[in-house]
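**Student:** My file is model-v7.cif. It has mmCIF, C-alpha atoms and all ligand atoms; chains and numbers go by the auth columns:
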```cif
data_model
#
loop_
_atom_site.group_PDB
_atom_site.id
_atom_site.type_symbol
_atom_site.label_atom_id
_atom_site.label_comp_id
_atom_site.label_asym_id
_atom_site.label_seq_id
_atom_site.Cartn_x
_atom_site.Cartn_y
_atom_site.Cartn_z
_atom_site.B_iso_or_equiv
_atom_site.auth_seq_id
_atom_site.auth_asym_id
ATOM 1 C CA MET A 1 -10.244 -2.303 -13.844 0.00 1 O
ATOM 2 C CA LYS A 2 -10.166 0.256 -11.031 0.00 2 O
ATOM 3 C CA ILE A 3 -7.357 0.102 -8.487 0.00 3 O
ATOM 4 C CA LEU A 4 -7.127 2.071 -5.265 0.00 4 O
ATOM 5 C CA VAL A 5 -3.593 2.635 -3.948 0.00 5 O
ATOM 6 C CA ILE A 6 -3.483 3.509 -0.244 0.00 6 O
ATOM 7 C CA ASN A 7 -0.399 4.688 1.627 0.00 7 O
ATOM 8 C CA GLY A 8 -0.329 4.983 5.392 0.00 8 O
ATOM 9 C CA PRO A 9 1.633 7.130 7.835 0.00 9 O
ATOM 10 C CA ASN A 10 4.932 8.757 6.887 0.00 10 O
ATOM 11 C CA LEU A 11 4.852 7.555 3.294 0.00 11 O
ATOM 12 C CA ASN A 12 4.245 11.173 2.281 0.00 12 O
ATOM 13 C CA MET A 13 7.782 11.716 3.649 0.00 13 O
ATOM 14 C CA LEU A 14 9.420 9.457 1.057 0.00 14 O
ATOM 15 C CA GLY A 15 12.671 10.973 -0.193 0.00 15 O
ATOM 16 C CA ILE A 16 13.160 12.707 3.173 0.00 16 O
ATOM 17 C CA ARG A 17 12.633 9.883 5.670 0.00 17 O
ATOM 18 C CA GLU A 18 15.490 7.414 6.227 0.00 18 O
ATOM 19 C CA PRO A 19 16.804 7.416 2.641 0.00 19 O
ATOM 20 C CA ALA A 20 19.103 4.483 3.428 0.00 20 O
ATOM 21 C CA VAL A 21 15.975 2.392 4.070 0.00 21 O
ATOM 22 C CA TYR A 22 13.364 3.906 1.731 0.00 22 O
ATOM 23 C CA GLY A 23 15.474 5.487 -1.015 0.00 23 O
ATOM 24 C CA ARG A 24 15.633 9.027 -2.353 0.00 24 O
ATOM 25 C CA GLN A 25 12.554 8.999 -4.539 0.00 25 O
ATOM 26 C CA THR A 26 9.744 11.204 -3.256 0.00 26 O
ATOM 27 C CA TYR A 27 6.056 10.520 -2.684 0.00 27 O
ATOM 28 C CA GLU A 28 5.381 12.545 -5.833 0.00 28 O
ATOM 29 C CA ASP A 29 7.764 10.272 -7.763 0.00 29 O
ATOM 30 C CA LEU A 30 5.807 7.288 -6.436 0.00 30 O
ATOM 31 C CA CYS A 31 2.483 8.796 -7.560 0.00 31 O
ATOM 32 C CA ASN A 32 3.904 9.545 -11.022 0.00 32 O
ATOM 33 C CA LEU A 33 5.256 6.007 -11.343 0.00 33 O
ATOM 34 C CA ILE A 34 1.883 4.494 -10.429 0.00 34 O
ATOM 35 C CA GLU A 35 -0.048 6.818 -12.744 0.00 35 O
ATOM 36 C CA GLU A 36 2.269 6.106 -15.681 0.00 36 O
ATOM 37 C CA HIS A 37 1.930 2.374 -15.159 0.00 37 O
ATOM 38 C CA ALA A 38 -1.856 2.639 -14.907 0.00 38 O
ATOM 39 C CA LYS A 39 -1.914 4.433 -18.251 0.00 39 O
ATOM 40 C CA ALA A 40 0.386 1.838 -19.824 0.00 40 O
ATOM 41 C CA VAL A 41 -1.812 -1.075 -18.719 0.00 41 O
ATOM 42 C CA ASN A 42 -5.045 0.799 -19.318 0.00 42 O
ATOM 43 C CA CYS A 43 -6.476 0.733 -15.818 0.00 43 O
ATOM 44 C CA GLU A 44 -7.977 3.466 -13.651 0.00 44 O
ATOM 45 C CA VAL A 45 -6.063 4.320 -10.517 0.00 45 O
ATOM 46 C CA SER A 46 -6.817 6.434 -7.481 0.00 46 O
ATOM 47 C CA ILE A 47 -3.947 7.192 -5.069 0.00 47 O
ATOM 48 C CA ARG A 48 -4.539 8.256 -1.466 0.00 48 O
ATOM 49 C CA GLN A 49 -2.413 8.777 1.643 0.00 49 O
ATOM 50 C CA SER A 50 -3.166 9.458 5.296 0.00 50 O
ATOM 51 C CA ASN A 51 -1.296 9.482 8.569 0.00 51 O
ATOM 52 C CA HIS A 52 -4.482 8.516 10.458 0.00 52 O
ATOM 53 C CA GLU A 53 -5.708 4.981 11.053 0.00 53 O
ATOM 54 C CA GLY A 54 -9.416 5.840 10.888 0.00 54 O
ATOM 55 C CA ASP A 55 -8.935 7.654 7.578 0.00 55 O
ATOM 56 C CA LEU A 56 -7.366 4.506 6.142 0.00 56 O
ATOM 57 C CA VAL A 57 -10.374 2.475 7.350 0.00 57 O
ATOM 58 C CA ASP A 58 -12.692 5.049 5.715 0.00 58 O
ATOM 59 C CA MET A 59 -10.777 4.818 2.410 0.00 59 O
ATOM 60 C CA ILE A 60 -11.117 1.020 2.383 0.00 60 O
ATOM 61 C CA GLN A 61 -14.840 1.198 3.195 0.00 61 O
ATOM 62 C CA GLU A 62 -15.418 3.833 0.508 0.00 62 O
ATOM 63 C CA ALA A 63 -13.861 1.473 -2.060 0.00 63 O
ATOM 64 C CA TYR A 64 -16.709 -1.012 -1.559 0.00 64 O
ATOM 65 C CA GLY A 65 -18.691 -1.415 -4.786 0.00 65 O
ATOM 66 C CA LYS A 66 -16.409 1.036 -6.609 0.00 66 O
ATOM 67 C CA MET A 67 -12.932 -0.495 -6.799 0.00 67 O
ATOM 68 C CA ASP A 68 -11.800 -3.859 -8.190 0.00 68 O
ATOM 69 C CA GLY A 69 -8.528 -4.048 -6.286 0.00 69 O
ATOM 70 C CA ILE A 70 -6.562 -2.367 -3.518 0.00 70 O
ATOM 71 C CA VAL A 71 -2.802 -1.915 -3.202 0.00 71 O
ATOM 72 C CA ILE A 72 -1.989 -0.909 0.362 0.00 72 O
ATOM 73 C CA ASN A 73 1.130 0.019 2.241 0.00 73 O
ATOM 74 C CA PRO A 74 -0.239 0.593 5.738 0.00 74 O
ATOM 75 C CA GLY A 75 3.188 1.763 7.006 0.00 75 O
ATOM 76 C CA ALA A 76 3.549 1.268 10.750 0.00 76 O
ATOM 77 C CA TYR A 77 -0.170 0.365 11.058 0.00 77 O
ATOM 78 C CA THR A 78 0.766 -2.917 9.362 0.00 78 O
ATOM 79 C CA HIS A 79 2.161 -4.033 12.700 0.00 79 O
ATOM 80 C CA THR A 80 -0.624 -2.761 14.961 0.00 80 O
ATOM 81 C CA SER A 81 -3.974 -2.354 13.228 0.00 81 O
ATOM 82 C CA VAL A 82 -6.737 -4.889 13.605 0.00 82 O
ATOM 83 C CA ALA A 83 -9.132 -2.175 12.356 0.00 83 O
ATOM 84 C CA ILE A 84 -7.430 -2.026 8.944 0.00 84 O
ATOM 85 C CA LEU A 85 -7.423 -5.836 8.725 0.00 85 O
ATOM 86 C CA ASP A 86 -11.138 -5.899 9.558 0.00 86 O
ATOM 87 C CA ALA A 87 -11.883 -3.212 6.938 0.00 87 O
ATOM 88 C CA VAL A 88 -10.178 -5.227 4.178 0.00 88 O
ATOM 89 C CA LYS A 89 -12.077 -8.344 5.284 0.00 89 O
ATOM 90 C CA ALA A 90 -15.349 -6.376 5.391 0.00 90 O
ATOM 91 C CA VAL A 91 -15.178 -5.077 1.817 0.00 91 O
ATOM 92 C CA GLY A 92 -13.868 -8.330 0.323 0.00 92 O
ATOM 93 C CA ILE A 93 -11.901 -6.503 -2.387 0.00 93 O
ATOM 94 C CA PRO A 94 -8.746 -8.321 -3.597 0.00 94 O
ATOM 95 C CA THR A 95 -5.906 -6.554 -1.806 0.00 95 O
ATOM 96 C CA VAL A 96 -2.114 -6.677 -2.097 0.00 96 O
ATOM 97 C CA GLU A 97 0.113 -5.597 0.802 0.00 97 O
ATOM 98 C CA VAL A 98 3.253 -3.677 -0.208 0.00 98 O
ATOM 99 C CA HIS A 99 6.331 -2.668 1.763 0.00 99 O
ATOM 100 C CA ILE A 100 9.132 -0.684 0.199 0.00 100 O
ATOM 101 C CA SER A 101 11.739 -2.074 2.578 0.00 101 O
ATOM 102 C CA ASP A 102 12.509 -5.711 3.281 0.00 102 O
ATOM 103 C CA VAL A 103 10.560 -5.864 6.552 0.00 103 O
ATOM 104 C CA ALA A 104 11.592 -9.488 7.136 0.00 104 O
ATOM 105 C CA SER A 105 15.192 -8.407 7.700 0.00 105 O
ATOM 106 C CA ARG A 106 14.305 -5.534 10.054 0.00 106 O
ATOM 107 C CA GLU A 107 13.283 -5.204 13.738 0.00 107 O
ATOM 108 C CA ASP A 108 11.239 -7.869 15.528 0.00 108 O
ATOM 109 C CA PHE A 109 8.253 -5.539 15.869 0.00 109 O
ATOM 110 C CA ARG A 110 8.015 -5.346 12.074 0.00 110 O
ATOM 111 C CA GLN A 111 7.631 -9.129 11.750 0.00 111 O
ATOM 112 C CA ILE A 112 3.919 -9.040 12.570 0.00 112 O
ATOM 113 C CA SER A 113 1.496 -8.012 9.851 0.00 113 O
ATOM 114 C CA TYR A 114 -2.172 -7.971 10.833 0.00 114 O
ATOM 115 C CA ILE A 115 -3.374 -7.163 7.328 0.00 115 O
ATOM 116 C CA ARG A 116 -1.449 -10.013 5.658 0.00 116 O
ATOM 117 C CA GLN A 117 -4.088 -12.655 6.349 0.00 117 O
ATOM 118 C CA ALA A 118 -6.651 -10.694 4.323 0.00 118 O
ATOM 119 C CA CYS A 119 -4.364 -10.093 1.324 0.00 119 O
ATOM 120 C CA ILE A 120 -3.933 -12.163 -1.823 0.00 120 O
ATOM 121 C CA ALA A 121 -0.195 -11.379 -1.819 0.00 121 O
ATOM 122 C CA THR A 122 2.537 -9.457 -0.017 0.00 122 O
ATOM 123 C CA ILE A 123 5.419 -7.712 -1.781 0.00 123 O
ATOM 124 C CA THR A 124 8.372 -6.493 0.258 0.00 124 O
ATOM 125 C CA GLY A 125 11.839 -5.148 -0.365 0.00 125 O
ATOM 126 C CA GLN A 126 11.379 -4.142 -3.996 0.00 126 O
ATOM 127 C CA GLY A 127 11.370 -0.406 -3.460 0.00 127 O
ATOM 128 C CA LEU A 128 8.772 1.614 -5.357 0.00 128 O
ATOM 129 C CA ASN A 129 8.574 -1.104 -8.018 0.00 129 O
ATOM 130 C CA GLY A 130 6.691 -3.198 -5.468 0.00 130 O
ATOM 131 C CA TYR A 131 3.612 -1.044 -6.139 0.00 131 O
ATOM 132 C CA ILE A 132 3.850 -1.792 -9.859 0.00 132 O
ATOM 133 C CA ARG A 133 4.163 -5.524 -9.192 0.00 133 O
ATOM 134 C CA ALA A 134 1.151 -5.315 -6.883 0.00 134 O
ATOM 135 C CA MET A 135 -0.937 -3.600 -9.582 0.00 135 O
ATOM 136 C CA ASP A 136 0.062 -6.286 -12.092 0.00 136 O
ATOM 137 C CA LEU A 137 -0.872 -9.028 -9.631 0.00 137 O
ATOM 138 C CA LEU A 138 -4.345 -7.525 -9.209 0.00 138 O
ATOM 139 C CA ILE A 139 -4.786 -7.145 -12.972 0.00 139 O
ATOM 140 C CA ASN A 140 -3.724 -10.766 -13.585 0.00 140 O
ATOM 141 C CA ASN A 141 -5.928 -11.949 -10.720 0.00 141 O
ATOM 142 C CA ARG A 142 -9.126 -10.785 -12.443 0.00 142 O
HETATM 143 C C1 LIG B . 6.970 0.131 5.506 0.00 1 E
HETATM 144 C C2 LIG B . 7.590 -0.716 6.627 0.00 1 E
HETATM 145 C C3 LIG B . 6.957 -0.382 7.964 0.00 1 E
HETATM 146 O O1 LIG B . 7.542 -1.182 8.979 0.00 1 E
HETATM 147 C C4 LIG B . 7.201 1.072 8.301 0.00 1 E
HETATM 148 O O2 LIG B . 6.583 1.404 9.517 0.00 1 E
HETATM 149 C C5 LIG B . 6.780 1.992 7.208 0.00 1 E
HETATM 150 C C6 LIG B . 7.066 1.619 5.824 0.00 1 E
HETATM 151 C C7 LIG B . 7.669 -0.101 4.149 0.00 1 E
HETATM 152 O O3 LIG B . 7.123 0.356 3.149 0.00 1 E
HETATM 153 O O4 LIG B . 8.754 -0.688 4.102 0.00 1 E
HETATM 154 O O5 LIG B . 6.292 3.089 7.454 0.00 1 E
HETATM 155 O O6 LIG B . 5.619 -0.234 5.363 0.00 1 E
#
```
Starting from the file, lay out its structure as structure tokens.
Ligand code: DQA
**Tutor:**
Amino acid sequence: MKILVINGPNLNMLGIREPAVYGRQTYEDLCNLIEEHAKAVNCEVSIRQSNHEGDLVDMIQEAYGKMDGIVINPGAYTHTSVAILDAVKAVGIPTVEVHISDVASREDFRQISYIRQACIATITGQGLNGYIRAMDLLINNR
């Protein structure tokens, strides 16, 4: 089982950005957590991050034929990007949407998720553990 974990804009700033919303754990902590879990459940994981929409589309396209599942936190592009939605639809790889914060209880503009309709599940408000839950969902979905 090969899982690609994609993080969008500003997620590299975890631990620095709005700690009251996103916590004090860093992006490096997140990567370590994901890698440790991958080892524990015996799956291969590749973790990538970009602040650029087109890069995220490229990452999804590059996963075609190589990856069995995608965990994606598109950050703010969740609420704006038809291109990322279309990329997930194009590759047809089972994908889980993750948000660290509880987006449902935040601003109105965060209530729209374009990517959601192409995902097998959405996990919000569980902090960094949401990524682990998303990996487990993909593994159990096989
Ligand atoms: C986020 C929520 C988004 O609304 C926000 O733009 C982010 C992070 C989350 O993980 O809670 O950058 O996706």
**Student:** Please expand the PyMOL selection byres (((not hetatm)) within 6 of (chain E and resi 1)) into the concrete residues it hits in this file, giving the result as a list in words.
**Tutor:** Asn10, Asn73, Pro74, Gly75, Ala76, His99, Ile100, Ser101, Val103 and Arg110 of chain O
**Student:** Between atom CA of Thr80 of chain O and atom CA of Ile34 of chain O, what is the spacing in Å?
**Tutor:** 26.5 Å
**Student:** With the PyMOL selection byres (((chain O and resi 11) around 10) and not hetatm) as the selection, what would be picked from this file? Answer as a list of chain:residue names, please.
**Tutor:**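 That expression, the PyMOL selection byres (((chain O and resi 11) around 10) and not hetatm), corresponds here to O:Ile6, O:Asn7, O:Gly8, O:Pro9, O:Asn10, O:Asn12, O:Met13, O:Leu14, O:Gly15, O:Ile16, O:Arg17, O:Tyr22, O:Thr26, O:Tyr27, O:Leu30, O:Gln49, O:Ser50, O:Asn51, O:Asn73, O:Pro74, O:Gly75, O:Ala76, O:Ile100.
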**Student:** Taking (-7.2, -12.9, -9.6) in the file's coordinates, which residues come within 10 Å, counting only C-alpha atoms, written as a list in words?
**Tutor:**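 The requested residues, written out, are Gly69, Pro94, Ile120, Leu137, Leu138, Ile139, Asn140, Asn141 and Arg142 of chain O.
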**Student:** Could you list the residues chosen by the PyMOL selection byres (((chain O and resi 117) around 12) and not hetatm) in this structure as JSON, numbers by chain?
**Tutor:** {"O": [78, 82, 84, 85, 86, 88, 89, 94, 95, 96, 97, 112, 113, 114, 115, 116, 118, 119, 120, 121, 122]}
**Student:** So which one's closest to Phe109 of chain O, O:Val5, O:Tyr77, O:Ile123, O:Ile93? Using all atoms listed in the file, please.
**Tutor:**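 Closest residue, counting all atoms listed in the file: O:Tyr77.
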**Student:** Which residue gives the smallest distance to Leu128 of chain O among O:Ile72, O:Val98, O:Val45, O:Ala38, with all atoms listed in the file counted?
**Tutor:**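 Among the listed residues, O:Val98 lies closest to Leu128 of chain O.
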**Student:** When you draw a straight line from atom CA of Asp58 of chain O to atom CA of Ala87 of chain O, how long is it in Å?
**Tutor:**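 Here the two named atoms are 8.4 Å from each other.
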**Student:** Could you check how far atom CA of Arg133 of chain O sits from atom CA of Asp68 of chain O, in Å to one decimal?
**Tutor:**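 These atoms are spaced 16.1 Å apart.
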**Student:** With all atoms listed in the file as the atoms that count, which of O:Tyr64, O:Thr124, O:Ile70, O:Ala83 lies nearest to Ala104 of chain O?
**Tutor:**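 Looking only at the distances to Ala104 of chain O, the closest residue turns out to be O:Thr124.
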**Student:** Find the residues near Met59 of chain O: any atom within 9 Å, counting all atoms listed in the file, skip ones fewer than 4 places away on the same chain, and give them as a PDB file with C-alpha atoms, in the frame of the given file.
**Tutor:**
```pdb
ATOM      1  CA  LEU O   4      -7.127   2.071  -5.265  1.00  0.00           C
ATOM      2  CA  ILE O   6      -3.483   3.509  -0.244  1.00  0.00           C
ATOM      3  CA  ARG O  48      -4.539   8.256  -1.466  1.00  0.00           C
ATOM      4  CA  GLY O  54      -9.416   5.840  10.888  1.00  0.00           C
ATOM      5  CA  ASP O  55      -8.935   7.654   7.578  1.00  0.00           C
ATOM      6  CA  ALA O  63     -13.861   1.473  -2.060  1.00  0.00           C
TER       7      ALA O  63
END
```
**Student:** Around the point (-3.5, -1.5, -15.5) in the file's coordinates, collect all residues with an atom within 8 Å, using all atoms listed in the file, and return them as a list of chain:residue names.
**Tutor:**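 All residues meeting the 8 Å criterion around (-3.5, -1.5, -15.5) are O:Met1, O:His37, O:Ala38, O:Lys39, O:Ala40, O:Val41, O:Asn42, O:Cys43, O:Glu44, O:Met135, O:Asp136, O:Ile139.
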**Student:** Create the file for the chosen residues now, containing C-alpha atoms and written as a PDB file, in the coordinates of the input.
**Tutor:**
```pdb
ATOM      1  CA  MET O   1     -10.244  -2.303 -13.844  1.00  0.00           C
ATOM      2  CA  HIS O  37       1.930   2.374 -15.159  1.00  0.00           C
ATOM      3  CA  ALA O  38      -1.856   2.639 -14.907  1.00  0.00           C
ATOM      4  CA  LYS O  39      -1.914   4.433 -18.251  1.00  0.00           C
ATOM      5  CA  ALA O  40       0.386   1.838 -19.824  1.00  0.00           C
ATOM      6  CA  VAL O  41      -1.812  -1.075 -18.719  1.00  0.00           C
ATOM      7  CA  ASN O  42      -5.045   0.799 -19.318  1.00  0.00           C
ATOM      8  CA  CYS O  43      -6.476   0.733 -15.818  1.00  0.00           C
ATOM      9  CA  GLU O  44      -7.977   3.466 -13.651  1.00  0.00           C
ATOM     10  CA  MET O 135      -0.937  -3.600  -9.582  1.00  0.00           C
ATOM     11  CA  ASP O 136       0.062  -6.286 -12.092  1.00  0.00           C
ATOM     12  CA  ILE O 139      -4.786  -7.145 -12.972  1.00  0.00           C
TER      13      ILE O 139
END
```
